[in-house]
Amino acid sequence: MSSRFFAYALWCLAISGIFVASGFYAWSPFADGGRVGPRVGAYGPTHK
Amino acid sequence: MQTFACPNCGADVSFRSPALPVRICDHCRSMIVRRGDALNALGKAAVLPFDVSPIMIGTRGRFEDRPFEVIGRVRWGWTDGSWNEWLLLFGDGSNAWLGEAMGQYLLLREWPLDRVQTQMIRRLAAGERLPAGTSGELDGRPLTIVDARDATCIAAEGELPYTAPANWTIYSVDLRGTDGSVASLQRDGEQADLYVGRYVSLAELAPTGLRRIEGWQVPTYGQ
Amino acid sequence: MASEAIISAAAEVPAAKALSCPSCGGTLSLKAAGYTVSIACVYCGSILDVANDDVRLITEYHRQAAELEIPLGTRGRLKGVEWEAIGYVERSEGGAYPWSEYLLFNPYHGYRWLITNGRGWSFGEMLTRTPGAGHGSLVLDGHGYAPFFRGGRAQVDYVLGEFYWRVRVGEEVVTDDWVRPGFMLSREQNAQEVSWTVSELLSPREIRGAFGVRPPRKPWPPLPHQPSPYAGDMKKLVWTGVGTALFVFLLLVVMGSGSTLLRGNLPYALDGTSRTATLGPITATRPYQAIAINAHVPQLDNAWVDLDYALVDRKTQASYEAYGLAERYSGRDSDGDWSEGSRSAEVKLAAVPAGTYDLVVDYSAQRWNSGLSANTGFVSALTPDQREISVRVSSGSFFGSNALIALILLFLPLLFFLHRHVKFEQARQDESDVGRTGMARLFTSSDDD
């Protein structure tokens, strides 16, 4: 087993671990929750 | 195996092959020719120069599942080197040559020249000298001349199918195929003989009774 | 069996034969007696002919023999067999690109070559057969070899030790080479014959273990037949990445969306007035969950609905807020019918702790009044009280965005390795006479050709 493979397997383990943890706390950096600023811009279609 | 007394020195000489007519006395190096039960000494064979060949008289092995024993050798020389041809006796009484040159081995059997149609080989047999690079075909296999030169017998030992006096010079042609197949044509005056075979490795012959060379480990081939 | 055979079988024969150099008088030890044809004296460099019984002087030199990285007579074990270095040849292409070849010998295994250009070592064996032709490549024992060097002219610059042919300084052969990772196939041709050699690249550890020499660990540019360090375990790496990605994806599918906690309907009118409604109770049971709020406005057309959500914990009054917008427009122009937007709006709140909540929705709906689309504004066919926004509140744990980030992070190192692999292959193939092929060519941009 090469050290590169070992490092990458560790990396995959860490990423999937963080993903599992994010599921446990139901957390996401892109959640819609929290305070949302006022909507900027006009309503209406952008279709030309 | 038949044993006789050497007509020159009286030492025991044995013929392992009933078919081969020539035997070089291990003791006095006389070349003994037998006709029926009559033995004649035909001069002396030269002393073999020292070499580190791992093969010797008595080495046994198998080729394509058929066991053989090494019973004779001729050493040939030419301007740029020398090589060994070891005579192998198979269980069925047939024989073959194990050529040894440049650390590589060739196993060759005599091939009936009178049935060969190949132009190149017929011309060689008829007395022509062809340059290296000339190509032809034998039995459906392409063959190219890699070497064509005069070779001189340096020395011989054991049993032989012919007398091999020192300084006997023949015209020797080596041919190679693309798949490891080889052929050799040896011509002495009017007489030409063709041998056909292929490269072999020592490991594939699984030899036992190899010569022991100081400081080197003799390989064992699974026996 | 004859008794002499038994005696000679038991006896060992010496491995070397001593002879003296006719030029300098030095004692030479002939290691491959019977095979060796010429010797370059290790003391004075003179070239001697030992093809026949006598020793003949071919070329006389009086020079100090070169100090070799592997002194002749050194033994080393390679691929399970012990070899002795008995000959040394320095070669070059008309003086350029010099390299060295050591002739190795073992009486039971014949000859091999040890080849180095200073950047790596290869173990070569002469072939007794000719490689077959493949698709623009050569095939030997089922392996394809790609062309690398074409029509080189290799000359002999210096020799030392013993050889099984007549060596001559200045002798020239035409060389061609083919490669596959870890192996090189070489063809050498002179006026008389063609010979083929296959050589295997030795790892620095193998050559150090055998003959004590230390090649550079990472030669650059790479050797022609050096395998890319990224190619070897690339398959394993990709499978590890794909496996982990599947695991992440599976979790997302299985646990991404949970049970519906509440359904409710909010009446609206397209008049722009703000309305407020409270839906509840919503019971969140897991320690933490994501709460998804999906608003669907079935008849929405050329109008929008603003939705301000506040999920308020009944006990602590803690509030989780989010903003949703459903808008949908359609019309007809010279290209035909068009529509954009969506009648649904989903927002997802993160990390909502267990508890009982009310969902307070501040919302308003408004028609988009553009002259262009006035003809399609006949949502008004329905009476205002029939219009309702249906709201569904559900729980979950995984966010698709998280999975996406995870996937990107998982494959980022693979992209990096791929990039390094391509750089390696490009540097390796740029040394060749053939140029880049395969991936190295695929990733070659036109400006660095």
# chains A, B, ... in the order shown; residues from 1 in each chain; ligands from 1
>>> interface_residues(of="chain C", to="chain A", cutoff="9 Å", atoms="only C-alpha atoms", output="PyMOL selection string")
chain C and resi 230+233-234+236-237+240-241+244-245+247-248+251-252+255-256+287-291+302-304+319-324+327-330+338-341+347-353+368-370+396-399+401-403+406-407+409-410+413-414
>>> interface_residues(of="chain C", to="chain B", cutoff="7 Å", atoms="only C-alpha atoms", output="PDB file with N, CA and C atoms, in the first residue's frame")
ATOM      1  N   ALA C   5      32.663 -40.346 -13.874  1.00  0.00           N
ATOM      2  CA  ALA C   5      31.608 -39.347 -13.881  1.00  0.00           C
ATOM      3  C   ALA C   5      31.203 -38.983 -12.458  1.00  0.00           C
ATOM      4  N   ALA C   9      31.653 -35.381 -10.855  1.00  0.00           N
ATOM      5  CA  ALA C   9      30.435 -34.716 -10.426  1.00  0.00           C
ATOM      6  C   ALA C   9      30.610 -34.138  -9.032  1.00  0.00           C
ATOM      7  N   ALA C  11      33.512 -33.230  -7.731  1.00  0.00           N
ATOM      8  CA  ALA C  11      34.567 -32.224  -7.661  1.00  0.00           C
ATOM      9  C   ALA C  11      34.071 -30.889  -8.194  1.00  0.00           C
ATOM     10  N   GLU C  12      34.594 -29.834  -7.623  1.00  0.00           N
ATOM     11  CA  GLU C  12      34.281 -28.512  -8.122  1.00  0.00           C
ATOM     12  C   GLU C  12      35.373 -28.089  -9.076  1.00  0.00           C
ATOM     13  N   VAL C  13      34.972 -27.404 -10.156  1.00  0.00           N
ATOM     14  CA  VAL C  13      36.002 -26.870 -11.027  1.00  0.00           C
ATOM     15  C   VAL C  13      36.184 -25.396 -10.654  1.00  0.00           C
ATOM     16  N   PRO C  14      37.395 -24.885 -10.858  1.00  0.00           N
ATOM     17  CA  PRO C  14      37.613 -23.474 -10.510  1.00  0.00           C
ATOM     18  C   PRO C  14      36.750 -22.564 -11.377  1.00  0.00           C
ATOM     19  N   ALA C  15      36.420 -21.405 -10.824  1.00  0.00           N
ATOM     20  CA  ALA C  15      35.511 -20.499 -11.535  1.00  0.00           C
ATOM     21  C   ALA C  15      36.252 -19.560 -12.456  1.00  0.00           C
ATOM     22  N   ALA C  32      34.631 -15.877 -17.413  1.00  0.00           N
ATOM     23  CA  ALA C  32      33.726 -16.648 -18.264  1.00  0.00           C
ATOM     24  C   ALA C  32      34.545 -17.432 -19.279  1.00  0.00           C
ATOM     25  N   ALA C  33      35.447 -18.255 -18.756  1.00  0.00           N
ATOM     26  CA  ALA C  33      36.320 -19.036 -19.640  1.00  0.00           C
ATOM     27  C   ALA C  33      35.458 -19.899 -20.553  1.00  0.00           C
ATOM     28  N   GLY C  34      35.831 -19.914 -21.826  1.00  0.00           N
ATOM     29  CA  GLY C  34      35.052 -20.687 -22.786  1.00  0.00           C
ATOM     30  C   GLY C  34      34.044 -19.836 -23.531  1.00  0.00           C
ATOM     31  N   TYR C  35      33.638 -18.737 -22.906  1.00  0.00           N
ATOM     32  CA  TYR C  35      32.688 -17.842 -23.569  1.00  0.00           C
ATOM     33  C   TYR C  35      33.398 -16.558 -24.022  1.00  0.00           C
ATOM     34  N   VAL C  37      35.639 -13.767 -25.460  1.00  0.00           N
ATOM     35  CA  VAL C  37      36.387 -13.634 -26.706  1.00  0.00           C
ATOM     36  C   VAL C  37      37.414 -12.521 -26.577  1.00  0.00           C
ATOM     37  N   ALA C  51      40.068 -15.534 -27.929  1.00  0.00           N
ATOM     38  CA  ALA C  51      39.175 -16.456 -28.633  1.00  0.00           C
ATOM     39  C   ALA C  51      39.832 -17.816 -28.785  1.00  0.00           C
ATOM     40  N   PRO C 107      27.619 -18.568 -14.421  1.00  0.00           N
ATOM     41  CA  PRO C 107      27.812 -19.707 -15.327  1.00  0.00           C
ATOM     42  C   PRO C 107      26.544 -20.536 -15.524  1.00  0.00           C
ATOM     43  N   TYR C 108      25.638 -20.514 -14.563  1.00  0.00           N
ATOM     44  CA  TYR C 108      24.418 -21.314 -14.691  1.00  0.00           C
ATOM     45  C   TYR C 108      23.277 -20.542 -15.357  1.00  0.00           C
ATOM     46  N   GLY C 110      23.964 -17.595 -17.529  1.00  0.00           N
ATOM     47  CA  GLY C 110      24.392 -16.874 -18.713  1.00  0.00           C
ATOM     48  C   GLY C 110      24.647 -15.401 -18.431  1.00  0.00           C
ATOM     49  N   TYR C 111      24.339 -14.585 -19.429  1.00  0.00           N
ATOM     50  CA  TYR C 111      24.668 -13.168 -19.369  1.00  0.00           C
ATOM     51  C   TYR C 111      23.435 -12.306 -19.164  1.00  0.00           C
ATOM     52  N   THR C 128      15.847 -14.297 -27.442  1.00  0.00           N
ATOM     53  CA  THR C 128      16.136 -15.316 -28.441  1.00  0.00           C
ATOM     54  C   THR C 128      15.012 -15.386 -29.468  1.00  0.00           C
ATOM     55  N   ARG C 129      14.060 -14.461 -29.354  1.00  0.00           N
ATOM     56  CA  ARG C 129      12.994 -14.412 -30.345  1.00  0.00           C
ATOM     57  C   ARG C 129      12.725 -12.961 -30.701  1.00  0.00           C
ATOM     58  N   THR C 130      11.973 -12.750 -31.744  1.00  0.00           N
ATOM     59  CA  THR C 130      11.721 -11.415 -32.239  1.00  0.00           C
ATOM     60  C   THR C 130      10.325 -10.973 -31.801  1.00  0.00           C
ATOM     61  N   TYR C 164      31.889 -11.527 -24.566  1.00  0.00           N
ATOM     62  CA  TYR C 164      31.742 -12.739 -25.367  1.00  0.00           C
ATOM     63  C   TYR C 164      31.737 -12.448 -26.867  1.00  0.00           C
ATOM     64  N   TRP C 165      32.084 -11.264 -27.224  1.00  0.00           N
ATOM     65  CA  TRP C 165      32.274 -10.934 -28.642  1.00  0.00           C
ATOM     66  C   TRP C 165      33.526 -10.078 -28.763  1.00  0.00           C
ATOM     67  N   ARG C 166      33.891  -9.785 -29.984  1.00  0.00           N
ATOM     68  CA  ARG C 166      35.106  -9.014 -30.225  1.00  0.00           C
ATOM     69  C   ARG C 166      34.774  -7.538 -30.062  1.00  0.00           C
ATOM     70  N   GLN C 192      25.788  -7.006 -39.804  1.00  0.00           N
ATOM     71  CA  GLN C 192      25.576  -8.451 -39.840  1.00  0.00           C
ATOM     72  C   GLN C 192      24.252  -8.892 -39.229  1.00  0.00           C
ATOM     73  N   GLU C 193      23.919  -8.313 -38.089  1.00  0.00           N
ATOM     74  CA  GLU C 193      22.782  -8.913 -37.405  1.00  0.00           C
ATOM     75  C   GLU C 193      21.947  -7.913 -36.622  1.00  0.00           C
TER      76      GLU C 193
END
>>> residues_around(residues="Lys315 (chain C)", least_positions_apart="5", cutoff="9 Å", atoms="only C-alpha atoms", output="ChimeraX atom specification")
/C:355-357
>>> atom_distance(atom1="CA of Ser195 (chain C)", atom2="CA of Arg112 (chain C)")
13.8 Å
>>> atom_distance(atom1="CA of Arg168 (chain C)", atom2="CA of Ser38 (chain C)")
9.4 Å
>>> decode(residues="region 16-154 of chain B", atoms="C-alpha atoms", output="short mmCIF file (atom, residue, chain, number, x, y, z; two decimals), in the first residue's frame")
data_model
loop_
_atom_site.label_atom_id
_atom_site.label_comp_id
_atom_site.auth_asym_id
_atom_site.auth_seq_id
_atom_site.Cartn_x
_atom_site.Cartn_y
_atom_site.Cartn_z
CA ARG B 16 25.81 -45.82 -23.49
CA SER B 17 24.23 -45.58 -26.89
CA PRO B 18 24.21 -48.79 -28.93
CA ALA B 19 23.97 -46.79 -32.16
CA LEU B 20 26.88 -44.40 -31.90
CA PRO B 21 30.14 -45.52 -33.50
CA VAL B 22 32.67 -43.20 -31.89
CA ARG B 23 33.93 -42.95 -28.33
CA ILE B 24 36.83 -40.96 -26.95
CA CYS B 25 38.69 -42.79 -24.21
CA ASP B 26 38.41 -40.82 -20.98
CA HIS B 27 41.81 -42.08 -19.95
CA CYS B 28 44.12 -41.73 -22.97
CA ARG B 29 41.89 -39.56 -25.23
CA SER B 30 42.15 -42.07 -28.09
CA MET B 31 39.37 -41.81 -30.60
CA ILE B 32 37.86 -45.30 -30.72
CA VAL B 33 35.70 -46.35 -33.64
CA ARG B 34 33.69 -49.56 -33.39
CA ARG B 35 32.42 -51.74 -36.20
CA GLY B 36 30.38 -54.54 -34.70
CA ASP B 37 32.53 -55.76 -31.87
CA ALA B 38 35.76 -54.58 -33.44
CA LEU B 39 37.35 -51.47 -31.93
CA ASN B 40 39.97 -49.37 -33.64
CA ALA B 41 41.86 -46.43 -32.19
CA LEU B 42 42.02 -43.58 -34.72
CA GLY B 43 44.54 -41.15 -33.29
CA LYS B 44 44.06 -38.86 -30.32
CA ALA B 45 41.59 -36.15 -29.54
CA ALA B 46 42.93 -32.82 -28.30
CA VAL B 47 42.58 -31.84 -24.65
CA LEU B 48 39.52 -29.71 -24.01
CA PRO B 49 40.44 -26.16 -23.04
CA PHE B 50 39.19 -25.01 -19.65
CA ASP B 51 35.72 -23.52 -19.62
CA VAL B 52 33.00 -22.79 -17.08
CA SER B 53 30.17 -24.54 -18.85
CA PRO B 54 27.63 -25.86 -16.33
CA ILE B 55 27.01 -28.95 -18.49
CA MET B 56 29.16 -32.07 -18.38
CA ILE B 57 29.06 -35.69 -19.48
CA GLY B 58 26.47 -37.36 -17.25
CA THR B 59 24.21 -34.30 -16.76
CA ARG B 60 20.58 -35.38 -17.01
CA GLY B 61 17.50 -33.40 -17.85
CA ARG B 62 14.18 -33.45 -19.63
CA PHE B 63 13.18 -31.93 -22.91
CA GLU B 64 9.46 -31.77 -23.65
CA ASP B 65 8.87 -34.41 -20.98
CA ARG B 66 11.43 -36.82 -22.36
CA PRO B 67 14.47 -37.54 -20.20
CA PHE B 68 17.94 -37.34 -21.64
CA GLU B 69 21.52 -37.77 -20.59
CA VAL B 70 24.57 -35.88 -21.88
CA ILE B 71 26.96 -38.43 -23.41
CA GLY B 72 29.31 -36.47 -25.63
CA ARG B 73 30.63 -33.09 -26.62
CA VAL B 74 32.37 -31.38 -29.51
CA ARG B 75 33.96 -27.99 -29.02
CA TRP B 76 34.04 -25.84 -32.12
CA GLY B 77 36.03 -22.68 -32.71
CA TRP B 78 36.04 -19.96 -35.32
CA THR B 79 37.92 -16.70 -35.69
CA ASP B 80 35.70 -14.85 -33.21
CA GLY B 81 35.13 -17.43 -30.49
CA SER B 82 34.11 -20.95 -29.72
CA TRP B 83 31.10 -22.95 -28.60
CA ASN B 84 30.09 -26.35 -27.26
CA GLU B 85 27.79 -28.90 -28.80
CA TRP B 86 26.64 -31.46 -26.27
CA LEU B 87 25.26 -34.77 -27.48
CA LEU B 88 22.06 -35.81 -25.70
CA LEU B 89 20.88 -39.43 -25.59
CA PHE B 90 17.13 -39.85 -25.04
CA GLY B 91 15.43 -42.85 -23.50
CA ASP B 92 14.23 -44.09 -26.90
CA GLY B 93 17.81 -44.24 -28.20
CA SER B 94 17.45 -41.09 -30.31
CA ASN B 95 19.86 -38.26 -29.89
CA ALA B 96 19.95 -34.48 -30.20
CA TRP B 97 22.50 -31.70 -29.86
CA LEU B 98 22.46 -29.06 -27.15
CA GLY B 99 24.36 -26.09 -28.51
CA GLU B 100 25.88 -23.75 -25.96
CA ALA B 101 27.10 -20.32 -27.01
CA MET B 102 27.12 -16.88 -25.40
CA GLY B 103 25.43 -18.35 -22.33
CA GLN B 104 22.43 -19.42 -24.40
CA TYR B 105 21.26 -22.90 -25.35
CA LEU B 106 19.81 -24.42 -28.50
CA LEU B 107 18.32 -27.86 -28.77
CA LEU B 108 18.65 -29.31 -32.27
CA ARG B 109 17.75 -32.59 -33.91
CA GLU B 110 18.91 -33.85 -37.25
CA TRP B 111 16.45 -33.01 -40.04
CA PRO B 112 16.24 -35.07 -43.26
CA LEU B 113 17.94 -32.81 -45.77
CA ASP B 114 16.79 -34.82 -48.79
CA ARG B 115 13.20 -33.80 -48.10
CA VAL B 116 13.90 -30.08 -47.77
CA GLN B 117 12.52 -27.98 -50.64
CA THR B 118 13.72 -24.58 -49.36
CA GLN B 119 15.91 -22.99 -52.03
CA MET B 120 18.22 -21.31 -49.55
CA ILE B 121 18.96 -24.52 -47.70
CA ARG B 122 19.32 -26.56 -50.89
CA ARG B 123 21.86 -24.03 -52.20
CA LEU B 124 23.79 -24.14 -48.94
CA ALA B 125 23.79 -27.92 -48.99
CA ALA B 126 24.95 -27.92 -52.60
CA GLY B 127 28.07 -25.99 -51.69
CA GLU B 128 27.13 -22.33 -52.00
CA ARG B 129 28.17 -19.72 -49.47
CA LEU B 130 25.37 -17.30 -48.64
CA PRO B 131 25.77 -14.08 -46.64
CA ALA B 132 24.15 -13.36 -43.29
CA GLY B 133 20.71 -11.82 -43.75
CA THR B 134 19.59 -14.26 -46.43
CA SER B 135 16.07 -15.45 -45.64
CA GLY B 136 14.10 -18.52 -46.44
CA GLU B 137 11.47 -20.76 -44.97
CA LEU B 138 11.52 -24.25 -43.54
CA ASP B 139 8.44 -26.22 -42.61
CA GLY B 140 6.34 -23.03 -42.72
CA ARG B 141 8.69 -21.09 -40.43
CA PRO B 142 10.74 -18.12 -41.63
CA LEU B 143 14.47 -18.50 -41.09
CA THR B 144 17.27 -16.00 -41.63
CA ILE B 145 20.99 -16.67 -41.79
CA VAL B 146 22.61 -14.92 -38.82
CA ASP B 147 26.04 -16.42 -39.19
CA ALA B 148 27.92 -18.38 -41.84
CA ARG B 149 31.54 -19.24 -41.23
CA ASP B 150 34.20 -21.90 -41.20
CA ALA B 151 34.37 -23.69 -37.90
CA THR B 152 37.19 -25.87 -36.65
CA CYS B 153 36.89 -28.72 -34.23
CA ILE B 154 38.94 -27.86 -31.15
#
